[in-house]
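K.L.:
Below is query.cif; it holds mmCIF, C-alpha atoms.
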data_data
loop_
_atom_site.label_atom_id
_atom_site.label_comp_id
_atom_site.auth_asym_id
_atom_site.auth_seq_id
_atom_site.Cartn_x
_atom_site.Cartn_y
_atom_site.Cartn_z
CA MET C 1 -10.74 9.99 0.80
CA SER C 2 -9.54 9.58 4.36
CA THR C 3 -6.33 11.22 5.48
CA ILE C 4 -4.89 7.80 6.25
CA VAL C 5 -4.32 7.03 2.56
CA PRO C 6 -0.57 6.17 2.38
CA GLN C 7 0.35 8.07 -0.75
CA ALA C 8 -1.17 11.51 -0.94
CA ARG C 9 -0.18 12.20 -4.50
CA PRO C 10 2.87 14.46 -4.46
CA THR C 11 3.04 17.71 -6.35
CA LEU C 12 5.80 17.13 -8.86
CA PRO C 13 8.39 19.83 -9.47
CA ARG C 14 8.27 21.75 -12.70
CA GLU C 15 11.57 20.24 -13.74
CA ARG C 16 11.43 16.70 -15.01
CA PRO C 17 13.03 14.11 -12.68
CA VAL C 18 16.55 13.12 -13.64
CA PRO C 19 16.16 10.63 -16.53
CA VAL C 20 17.92 7.30 -16.59
CA SER C 21 20.83 6.95 -18.99
CA SER C 22 19.34 4.41 -21.41
CA PRO C 23 15.70 4.83 -22.47
CA PRO C 24 14.12 1.42 -21.98
CA LYS C 25 11.88 -0.54 -24.28
CA VAL C 26 8.40 -1.77 -23.36
CA ALA C 27 6.68 -4.18 -25.76
CA ALA C 28 2.90 -4.40 -26.04
CA LEU C 29 0.72 -6.81 -27.99
CA PHE C 30 -2.99 -7.44 -28.14
CA THR C 31 -3.70 -11.15 -28.02
CA SER C 32 -6.41 -13.83 -27.92
CA PRO C 33 -6.80 -17.24 -26.29
CA LEU C 34 -6.00 -18.85 -29.65
CA THR C 35 -2.72 -17.00 -30.18
CA VAL C 36 -1.51 -16.11 -26.68
CA LEU C 37 1.37 -18.60 -26.53
CA ALA C 38 2.84 -17.50 -29.85
CA ASP C 39 2.13 -13.87 -28.99
CA THR C 40 4.05 -14.20 -25.74
CA ALA C 41 7.15 -15.38 -27.60
CA ARG C 42 6.82 -12.53 -30.10
CA LEU C 43 6.29 -10.05 -27.28
CA MET C 44 9.46 -11.18 -25.52
CA GLU C 45 11.45 -10.88 -28.74
CA LEU C 46 10.16 -7.34 -29.24
CA ALA C 47 11.42 -6.50 -25.76
CA ASP C 48 14.85 -8.04 -26.52
CA TYR C 49 14.70 -10.58 -23.72
CA ARG C 50 17.72 -12.54 -24.98
CA LYS C 51 19.80 -9.39 -24.73
CA HIS C 52 18.84 -8.99 -21.08
CA LEU C 53 18.84 -12.62 -19.88
CA PRO C 54 22.37 -14.09 -20.18
CA ALA C 55 22.39 -17.54 -21.75
CA GLY C 56 23.74 -20.44 -19.74
CA VAL C 57 22.54 -18.96 -16.46
CA PRO C 58 19.68 -20.54 -14.47
CA THR C 59 16.52 -18.46 -14.80
CA VAL C 60 13.99 -17.98 -12.00
CA LEU C 61 10.34 -17.64 -12.99
CA LYS C 62 8.87 -15.55 -10.18
CA ILE C 63 5.22 -16.57 -10.14
CA ASN C 64 2.67 -14.33 -8.45
CA ILE C 65 -0.02 -15.81 -6.19
CA SER C 66 -2.06 -13.07 -4.55
CA TRP C 67 -4.79 -15.49 -3.49
CA GLN C 68 -5.03 -19.26 -3.21
CA HIS C 69 -8.35 -19.10 -5.07
CA TYR C 70 -8.47 -18.46 -8.79
CA TYR C 71 -9.83 -14.98 -9.37
CA PRO C 72 -9.39 -12.99 -12.62
CA ALA C 73 -6.39 -10.62 -12.73
CA CYS C 74 -5.31 -11.66 -9.25
CA SER C 75 -2.42 -14.09 -9.89
CA THR C 76 -0.13 -15.25 -12.70
CA THR C 77 -2.28 -16.84 -15.41
CA PRO C 78 -1.55 -20.35 -16.72
CA TRP C 79 -1.19 -19.07 -20.30
CA GLN C 80 1.24 -16.39 -19.13
CA LEU C 81 3.37 -19.00 -17.36
CA GLU C 82 3.17 -21.46 -20.25
CA GLY C 83 3.95 -18.82 -22.87
CA VAL C 84 7.10 -17.73 -21.06
CA ILE C 85 8.27 -21.29 -20.38
CA ARG C 86 7.73 -22.33 -23.99
CA ALA C 87 9.48 -19.25 -25.38
CA LEU C 88 12.51 -19.73 -23.13
CA GLN C 89 12.82 -23.47 -23.67
CA GLN C 90 12.55 -23.16 -27.44
CA VAL C 91 15.68 -21.01 -27.62
CA GLY C 92 17.76 -23.01 -25.14
CA TYR C 93 17.06 -21.66 -21.66
CA ALA C 94 17.07 -25.15 -20.19
CA ASP C 95 17.55 -24.44 -16.48
CA LEU C 96 14.26 -22.84 -15.40
CA VAL C 97 13.41 -22.47 -11.71
CA PRO C 98 9.73 -21.70 -11.01
CA VAL C 99 9.46 -19.98 -7.64
CA GLN C 100 6.41 -19.66 -5.39
CA ASN C 101 5.98 -17.89 -2.09
CA GLY C 102 3.20 -18.01 0.42
CA THR C 103 2.20 -15.31 2.87
CA VAL C 104 0.64 -15.23 6.32
CA VAL C 105 -2.76 -15.24 4.57
CA VAL C 106 -2.11 -17.13 1.30
CA ASP C 107 -1.31 -20.84 0.93
CA ALA C 108 0.93 -21.11 -2.13
CA ARG C 109 0.63 -24.92 -2.30
CA GLU C 110 -3.12 -24.61 -2.60
CA GLY C 111 -2.80 -21.59 -4.86
CA GLU C 112 -0.54 -23.19 -7.46
CA VAL C 113 -3.13 -25.92 -7.98
CA ALA C 114 -6.18 -23.65 -8.02
CA ASN C 115 -4.51 -21.18 -10.39
CA LYS C 116 -3.42 -24.03 -12.74
CA HIS C 117 0.30 -23.31 -12.32
CA GLN C 118 0.91 -26.90 -11.28
CA ALA C 119 -0.77 -28.18 -14.45
CA VAL C 120 1.53 -26.05 -16.60
CA LEU C 121 4.68 -27.01 -14.73
CA ASP C 122 3.81 -30.71 -14.97
CA LYS C 123 3.36 -30.33 -18.73
CA TYR C 124 6.88 -28.93 -19.11
CA GLY C 125 8.59 -31.17 -16.57
CA LEU C 126 9.23 -28.40 -14.02
CA LYS C 127 8.76 -28.32 -10.27
CA SER C 128 8.10 -25.31 -8.09
CA VAL C 129 10.54 -24.16 -5.46
CA HIS C 130 8.62 -22.93 -2.43
CA LEU C 131 10.71 -20.31 -0.71
CA GLU C 132 9.43 -21.06 2.79
CA GLU C 133 10.38 -24.73 2.57
CA PRO C 134 13.68 -26.68 2.67
CA PRO C 135 16.10 -26.96 1.00
CA VAL C 136 15.83 -23.17 0.49
CA ARG C 137 18.04 -21.29 2.93
CA TRP C 138 17.51 -17.65 3.89
CA VAL C 139 20.93 -16.06 4.11
CA PRO C 140 21.87 -12.66 5.58
CA TYR C 141 22.35 -10.05 2.89
CA ARG C 142 23.90 -6.60 3.18
CA PRO C 143 23.11 -4.54 0.06
CA LYS C 144 25.73 -2.33 -1.51
CA ALA C 145 23.07 0.26 -2.38
CA GLU C 146 21.98 2.95 0.02
CA LEU C 147 18.63 1.85 1.40
CA LEU C 148 15.50 3.91 1.95
CA ALA C 149 13.60 1.69 4.38
CA LEU C 150 14.76 -1.90 4.89
CA ASP C 151 17.63 -1.01 7.21
CA LYS C 152 15.17 0.91 9.40
CA VAL C 153 12.46 -1.76 9.40
CA TYR C 154 15.05 -4.50 10.08
CA PRO C 155 17.80 -2.78 12.10
CA GLN C 156 19.33 -6.18 12.95
CA GLY C 157 19.58 -7.03 9.25
CA PHE C 158 17.51 -9.25 6.97
CA ALA C 159 17.89 -12.38 4.87
CA ILE C 160 17.03 -13.34 1.30
CA PRO C 161 16.60 -16.81 -0.30
CA ASP C 162 19.84 -18.35 -1.50
CA VAL C 163 18.04 -19.93 -4.48
CA LEU C 164 17.53 -16.50 -6.09
CA MET C 165 21.12 -15.33 -5.98
CA GLY C 166 23.21 -15.44 -9.16
CA LYS C 167 20.24 -16.35 -11.36
CA ASN C 168 18.30 -14.46 -14.02
CA VAL C 169 14.76 -13.62 -12.98
CA VAL C 170 11.60 -13.27 -15.05
CA HIS C 171 8.71 -11.71 -13.14
CA LEU C 172 5.15 -12.76 -14.00
CA PRO C 173 2.79 -10.08 -12.64
CA THR C 174 -0.74 -9.30 -13.73
CA MET C 175 -2.14 -5.85 -14.49
CA LYS C 176 -4.15 -4.69 -11.49
CA THR C 177 -4.72 -1.95 -8.97
CA HIS C 178 -3.67 -2.18 -5.32
CA VAL C 179 -5.01 -0.62 -2.14
CA PHE C 180 -1.52 0.30 -0.87
CA THR C 181 0.42 1.23 -4.02
CA THR C 182 -2.33 2.25 -6.50
CA ILE C 183 -1.05 -0.31 -9.01
CA THR C 184 0.99 -3.47 -8.54
CA GLY C 185 3.21 -5.01 -11.17
CA ALA C 186 6.80 -6.00 -11.84
CA MET C 187 8.39 -4.10 -8.96
CA LYS C 188 6.04 -5.43 -6.30
CA ASN C 189 6.36 -8.97 -7.63
CA ALA C 190 9.75 -9.13 -5.91
CA PHE C 191 8.14 -8.33 -2.55
CA GLY C 192 7.06 -11.89 -1.91
CA GLY C 193 10.29 -13.43 -3.15
CA LEU C 194 12.96 -11.40 -1.39
CA LEU C 195 11.34 -10.90 2.03
CA ASN C 196 10.16 -13.58 4.45
CA TRP C 197 7.05 -14.04 6.58
CA ASN C 198 7.65 -10.70 8.31
CA ARG C 199 7.43 -8.76 5.05
CA HIS C 200 4.20 -7.12 6.27
CA TRP C 201 6.37 -5.13 8.70
CA THR C 202 7.37 -3.00 5.73
CA HIS C 203 3.84 -2.00 4.68
CA ALA C 204 4.10 1.35 6.45
CA HIS C 205 7.05 2.07 4.12
CA ILE C 206 5.89 0.06 1.12
CA HIS C 207 6.99 2.47 -1.61
CA GLU C 208 10.52 2.79 -0.25
CA THR C 209 10.67 -0.96 0.30
CA LEU C 210 9.88 -1.70 -3.35
CA VAL C 211 12.68 0.63 -4.41
CA ASP C 212 15.12 -1.05 -2.02
CA LEU C 213 14.14 -4.47 -3.38
CA LEU C 214 14.74 -3.35 -6.94
CA ALA C 215 18.20 -2.11 -5.94
CA ILE C 216 18.91 -5.53 -4.41
CA GLN C 217 17.72 -7.28 -7.56
CA ARG C 218 20.13 -5.20 -9.62
CA GLU C 219 22.90 -6.60 -7.39
CA ILE C 220 21.98 -10.29 -7.24
CA HIS C 221 20.51 -11.10 -10.67
CA PRO C 222 22.63 -11.22 -13.86
CA GLY C 223 19.45 -10.61 -15.89
CA LEU C 224 16.08 -9.10 -15.09
CA PHE C 225 12.91 -9.26 -17.21
CA ALA C 226 9.14 -9.18 -16.74
CA VAL C 227 6.08 -10.28 -18.69
CA MET C 228 2.80 -8.73 -17.52
CA ASP C 229 -0.60 -10.28 -18.25
CA GLY C 230 -3.40 -7.81 -18.97
CA THR C 231 -5.76 -10.19 -20.71
CA LEU C 232 -8.19 -9.77 -17.81
CA ALA C 233 -7.11 -6.65 -15.90
CA GLY C 234 -8.15 -5.83 -12.33
CA ASP C 235 -9.76 -2.56 -11.25
CA GLY C 236 -10.74 -1.49 -7.74
CA PRO C 237 -9.51 -2.52 -4.26
CA GLY C 238 -6.86 -4.97 -5.41
CA PRO C 239 -5.02 -7.25 -5.30
CA ARG C 240 -8.12 -9.40 -4.62
CA ALA C 241 -11.48 -7.64 -4.41
CA MET C 242 -11.42 -6.29 -7.95
CA ARG C 243 -13.68 -5.98 -10.95
CA PHE C 244 -12.21 -7.63 -14.03
CA HIS C 245 -12.05 -5.98 -17.45
CA LEU C 246 -11.41 -7.75 -20.72
CA LYS C 247 -8.32 -6.01 -22.16
CA ASN C 248 -6.55 -8.75 -24.21
CA LEU C 249 -3.16 -7.13 -23.62
CA LEU C 250 0.36 -8.35 -22.88
CA LEU C 251 3.32 -6.17 -21.84
CA ALA C 252 7.01 -7.00 -21.40
CA SER C 253 10.21 -5.18 -20.54
CA ALA C 254 13.65 -5.58 -19.02
CA ASP C 255 12.97 -2.42 -16.99
CA PRO C 256 10.45 -3.10 -14.19
CA VAL C 257 10.03 0.62 -13.53
CA ALA C 258 9.19 1.34 -17.17
CA LEU C 259 6.82 -1.62 -17.29
CA ASP C 260 4.96 -0.49 -14.18
CA ALA C 261 4.90 3.11 -15.45
CA THR C 262 3.38 1.94 -18.73
CA ALA C 263 0.76 -0.16 -16.94
CA ALA C 264 -0.06 2.76 -14.62
CA ARG C 265 -0.52 5.10 -17.59
CA LEU C 266 -2.80 2.62 -19.35
CA MET C 267 -4.89 2.26 -16.21
CA GLY C 268 -5.32 6.01 -16.13
CA PHE C 269 -2.76 7.14 -13.54
CA ASP C 270 0.16 9.54 -13.78
CA PRO C 271 3.13 7.18 -13.27
CA LEU C 272 5.35 9.77 -11.60
CA SER C 273 2.64 10.55 -9.06
CA LEU C 274 3.05 6.98 -7.75
CA LYS C 275 5.74 7.22 -5.11
CA PHE C 276 7.49 3.90 -5.76
CA ILE C 277 7.79 4.63 -9.48
CA ARG C 278 9.00 8.18 -8.89
CA LEU C 279 11.59 7.15 -6.28
CA ALA C 280 12.96 4.36 -8.48
CA HIS C 281 13.16 6.77 -11.42
CA GLU C 282 14.95 9.43 -9.41
CA ARG C 283 17.46 6.90 -8.07
CA GLY C 284 18.34 5.70 -11.58
CA LEU C 285 16.94 2.20 -11.08
CA GLY C 286 14.70 2.46 -14.15
CA CYS C 287 12.60 4.88 -16.15
CA GLY C 288 9.24 6.01 -14.83
CA ASP C 289 8.61 8.84 -17.29
CA PRO C 290 6.48 7.69 -20.26
CA ARG C 291 8.12 10.38 -22.41
CA ASP C 292 11.43 8.53 -22.12
CA ILE C 293 10.08 5.01 -22.75
CA GLN C 294 10.29 3.44 -26.20
CA MET C 295 7.06 1.59 -26.94
CA VAL C 296 7.16 -1.22 -29.51
CA GLY C 297 4.40 -3.42 -30.86
CA GLU C 298 0.94 -1.91 -30.48
CA ASP C 299 0.28 1.82 -30.54
CA LEU C 300 -1.20 2.49 -27.10
CA SER C 301 -0.68 6.24 -27.08
CA GLY C 302 -4.40 6.99 -26.80
CA VAL C 303 -5.34 4.22 -24.36
CA ARG C 304 -6.60 5.28 -20.90
CA TRP C 305 -8.86 2.96 -18.94
CA ARG C 306 -9.84 5.17 -15.98
CA PHE C 307 -9.39 2.46 -13.39
CA GLN C 308 -10.22 3.31 -9.77
CA ALA C 309 -7.58 3.10 -7.05
CA GLY C 310 -9.27 4.92 -4.20
CA GLU C 311 -11.70 2.15 -3.28
CA GLU C 312 -11.29 0.22 -0.03
CA THR C 313 -12.39 -3.01 1.58
CA LEU C 314 -13.11 -3.47 5.26
CA ALA C 315 -9.76 -5.26 5.56
CA SER C 316 -7.74 -2.52 3.84
CA ARG C 317 -9.39 0.22 5.94
CA GLY C 318 -8.33 -1.60 9.06
CA GLN C 319 -4.78 -2.05 7.81
CA LYS C 320 -4.45 1.62 6.92
CA LEU C 321 -5.67 2.64 10.37
CA ILE C 322 -2.72 0.69 11.75
CA TYR C 323 -0.07 1.70 9.22
CA TRP C 324 -0.92 5.38 8.73
CA GLY C 325 -3.87 6.26 10.94
CA PRO C 326 -4.77 6.70 14.61
CA LEU C 327 -3.75 3.13 15.47
CA LYS C 328 -0.17 3.75 14.30
CA PRO C 329 1.20 3.85 17.90
CA LEU C 330 -0.13 0.30 18.33
CA GLU C 331 1.44 -1.08 15.13
CA ARG C 332 4.23 -2.98 16.88
CA LEU C 333 1.83 -4.49 19.42
CA LEU C 334 -0.81 -5.44 16.85
CA LEU C 335 1.45 -6.74 14.06
CA ARG C 336 4.82 -7.66 15.59
CA SER C 337 3.89 -9.33 18.85
CA PRO C 338 2.39 -12.72 19.80
CA ILE C 339 -1.09 -11.31 19.22
CA ALA C 340 -0.31 -10.58 15.53
CA PRO C 341 -2.18 -13.68 14.25
CA TRP C 342 -5.44 -11.90 15.03
CA SER C 343 -4.86 -9.74 11.95
CA TYR C 344 -4.21 -12.77 9.74
CA LEU C 345 -7.41 -14.38 11.01
CA ALA C 346 -9.40 -11.20 10.39
CA SER C 347 -8.10 -10.95 6.82
CA ASN C 348 -8.84 -14.59 6.10
CA LEU C 349 -12.33 -14.33 7.52
CA TYR C 350 -13.11 -11.24 5.48
CA TYR C 351 -11.78 -12.40 2.10
CA ASN C 352 -12.36 -16.15 2.27
CA SER C 353 -15.51 -16.36 4.35
CA PHE C 354 -17.32 -13.20 3.32
CA TRP C 355 -16.08 -11.42 0.20
CA TYR C 356 -15.29 -14.44 -1.98
CA PRO C 357 -18.52 -16.42 -1.28
CA PHE C 358 -20.88 -13.44 -1.48
CA VAL C 359 -19.22 -11.18 -4.09
CA GLY C 360 -16.23 -12.85 -5.71
CA ARG C 361 -17.93 -16.02 -6.88
CA ARG C 362 -20.53 -14.08 -8.85
CA ARG C 363 -17.81 -12.11 -10.63
CA LEU C 364 -15.76 -15.25 -11.19
CA ALA C 365 -18.76 -16.97 -12.78
CA GLN C 366 -18.98 -14.13 -15.31
CA ALA C 367 -15.26 -14.32 -16.03
CA LEU C 368 -15.42 -18.05 -16.67
CA LYS C 369 -17.97 -17.43 -19.42
CA THR C 370 -15.44 -15.37 -21.41
CA ASP C 371 -13.03 -16.93 -23.89
CA TRP C 372 -10.23 -16.47 -21.33
CA GLY C 373 -12.33 -18.21 -18.72
CA GLN C 374 -12.85 -21.11 -21.08
CA LEU C 375 -9.10 -21.27 -21.72
CA PHE C 376 -8.44 -21.29 -17.98
CA GLN C 377 -10.78 -24.22 -17.48
CA SER C 378 -9.07 -26.15 -20.28
CA TYR C 379 -5.82 -26.44 -18.32
#
Could the structure of this file be written out as structure tokens, please?
P.N.:
Amino acid sequence: MSTIVPQARPTLPRERPVPVSSPPKVAALFTSPLTVLADTARLMELADYRKHLPAGVPTVLKINISWQHYYPACSTTPWQLEGVIRALQQVGYADLVPVQNGTVVVDAREGEVANKHQAVLDKYGLKSVHLEEPPVRWVPYRPKAELLALDKVYPQGFAIPDVLMGKNVVHLPTMKTHVFTTITGAMKNAFGGLLNWNRHWTHAHIHETLVDLLAIQREIHPGLFAVMDGTLAGDGPGPRAMRFHLKNLLLASADPVALDATAARLMGFDPLSLKFIRLAHERGLGCGDPRDIQMVGEDLSGVRWRFQAGEETLASRGQKLIYWGPLKPLERLLLRSPIAPWSYLASNLYYNSFWYPFVGRRRLAQALKTDWGQLFQSY
């Protein structure tokens, strides 16, 4: 592995990191396309979601779109979104606010159609809020928490969407690996929602940024919860160029750190060796130590999938050269100046014009033959 890998796995001290005060609960259930909606409601009950999401408060559904194309394990699944909506509406959470965000390389309007989110929202009479579009306002925010990175990346301050403030939030990540953070889940799902188009400026400090964003969420949301879809899990150079694996698993928790730690352990990684999990654990923002997490539902104590996180794509190699490699002195010129769109074009050309047509479509065709693929096409 090249020396430009962002997180050389730290050697942990012999002492255990300082544990959080209240051991969290992570719920796990195996599921099937025939039972997934009912299983999602049961999963959320096992994780005590009503205890953690105050009633009578609007609730944001933070949808994940990592690609405007449908690709297994890449973005929030339609059954994941529908299961959460149905469970919440059935017990009286009437004010639901589905939230989408685009990026400099992902069109969320196109993505919500291709990933069948729009079909689900239409069924339940809901409409997406797109954070980059009016009437959403981005308002300056000064966190109370001591920050690790955001104040250095944005010395003039930063803004967050007004539509998120004062509302519960339910994150809807999928279970997958990531070229920058080893795994991506509940904590990184806030990345697209709380930071604007210039969020890529933080990639050189991505682990610290995720911890800062969790601290902000603790300040602005009355309730915080996450439901993770692992029905088709992603392995390899995620969040796009992955191999899918049929795992038939759902996870949920009110502690994003514990949820991500559980997913990391299942994928075969030591959670506390992942910097963003370890930092959040040490700062008391959640529990990253599996020994202190209460698992309910399925017994997953012996499950290890041996996913691979060290694989790269041409695009990720180039990004790491800029963020942590010999091109680091040129980062501001390449990514924060008028010539920055070259990098967006390069990424789009690689993923949309090369990888997806020549590699991704073959894998997608195999996924669509599975029972989950058939369910996806039924929406």
K.L.:
For the provided coordinates, the residues matched by the PyMOL selection byres ((chain C and resi 165) around 12) should be stated as JSON, numbers by chain.
P.N.:
{"C": [57, 58, 59, 60, 97, 136, 137, 138, 139, 140, 141, 159, 160, 161, 162, 163, 164, 166, 167, 168, 169, 193, 194, 216, 217, 218, 219, 220, 221, 222, 223]}
K.L.:
Can you tell me which residues surround Thr103 in chain C at a distance of at most 10 Å, considering all atoms listed in the file, apart from same-chain residues fewer than 6 positions away, and format the answer as a PyMOL selection string?
P.N.:
chain C and resi 65-67+132+192+196-200+344
K.L.:
Which residues would end up in the selection if the PyMOL selection byres ((chain C and resi 69-75) around 10) were applied here, given that I need the answer as an NGL selection string?
P.N.:
:C and (63-68 or 76-78 or 106-108 or 110-117 or 172-177 or 229-235 or 238-246 or 352 or 356 or 360-361 or 363-365 or 367-368 or 372-373 or 376)
K.L.:
Got a sec to resolve the PyMOL selection byres ((chain C and resi 264-276) around 9) on this structure and send the residues as a count of residues only?
P.N.:
44
K.L.:
With distances taken over all atoms listed in the file, which residue among C:Gln377, C:Leu251, C:Lys144, C:Gly297 lies nearest Ala119 in chain C?
P.N.:
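Between C:Gln377, C:Leu251, C:Lys144, C:Gly297, the residue approaching Ala119 in chain C most closely is C:Gln377.
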K.L.:
Identify which of the residues C:Ile293, C:Ala190, C:Val120, C:Leu150 lies closest to Asn101 in chain C, counting all atoms listed in the file when measuring atom-to-atom distances.
P.N.:
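For Asn101 in chain C, the nearest of the candidates is C:Ala190.
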K.L.:
So that I can see what lies close to Pro33 in chain C, please list as a PDB file with C-alpha atoms, in the frame of the given file the residues with an atom at most 9 Å from it, counting all atoms listed in the file and leaving out residues fewer than 3 positions away in the same chain.
P.N.:
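The resulting file, part23.pdb, is reproduced below:
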ATOM      1  CA  VAL C  36      -1.510 -16.110 -26.680  1.00  0.00           C
ATOM      2  CA  LEU C  37       1.370 -18.600 -26.530  1.00  0.00           C
ATOM      3  CA  TRP C  79      -1.190 -19.070 -20.300  1.00  0.00           C
ATOM      4  CA  ASN C 248      -6.550  -8.750 -24.210  1.00  0.00           C
ATOM      5  CA  ASP C 371     -13.030 -16.930 -23.890  1.00  0.00           C
ATOM      6  CA  TRP C 372     -10.230 -16.470 -21.330  1.00  0.00           C
ATOM      7  CA  GLN C 374     -12.850 -21.110 -21.080  1.00  0.00           C
ATOM      8  CA  LEU C 375      -9.100 -21.270 -21.720  1.00  0.00           C
TER       9      LEU C 375
END
K.L.:
Would you kindly return, as a ChimeraX atom specification, each protein, DNA or RNA residue with an atom no farther than 7 Å from any atom of Ala27 in chain C, considering only C-alpha atoms and excluding same-chain residues fewer than 5 positions away?
P.N.:
/C:43,46-47,251-253,295-297
K.L.:
Please produce a file of the residues just selected, as a PDB file, keeping the file's coordinate frame, where the atoms kept are C-alpha atoms.
P.N.:
ATOM      1  CA  LEU C  43       6.290 -10.050 -27.280  1.00  0.00           C
ATOM      2  CA  LEU C  46      10.160  -7.340 -29.240  1.00  0.00           C
ATOM      3  CA  ALA C  47      11.420  -6.500 -25.760  1.00  0.00           C
ATOM      4  CA  LEU C 251       3.320  -6.170 -21.840  1.00  0.00           C
ATOM      5  CA  ALA C 252       7.010  -7.000 -21.400  1.00  0.00           C
ATOM      6  CA  SER C 253      10.210  -5.180 -20.540  1.00  0.00           C
ATOM      7  CA  MET C 295       7.060   1.590 -26.940  1.00  0.00           C
ATOM      8  CA  VAL C 296       7.160  -1.220 -29.510  1.00  0.00           C
ATOM      9  CA  GLY C 297       4.400  -3.420 -30.860  1.00  0.00           C
TER      10      GLY C 297
END
K.L.:
State, in Å with one decimal place, the distance from CA of Ala41 in chain C to CA of Gly102 in chain C.
P.N.:
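Taking CA of Ala41 in chain C and CA of Gly102 in chain C, their separation equals 28.4 Å.
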K.L.:
Just the number, please: distance in Å from CA of Ala87 in chain C to CA of Ala258 in chain C, one decimal.
P.N.:
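Distance between the two atoms: 22.2 Å.
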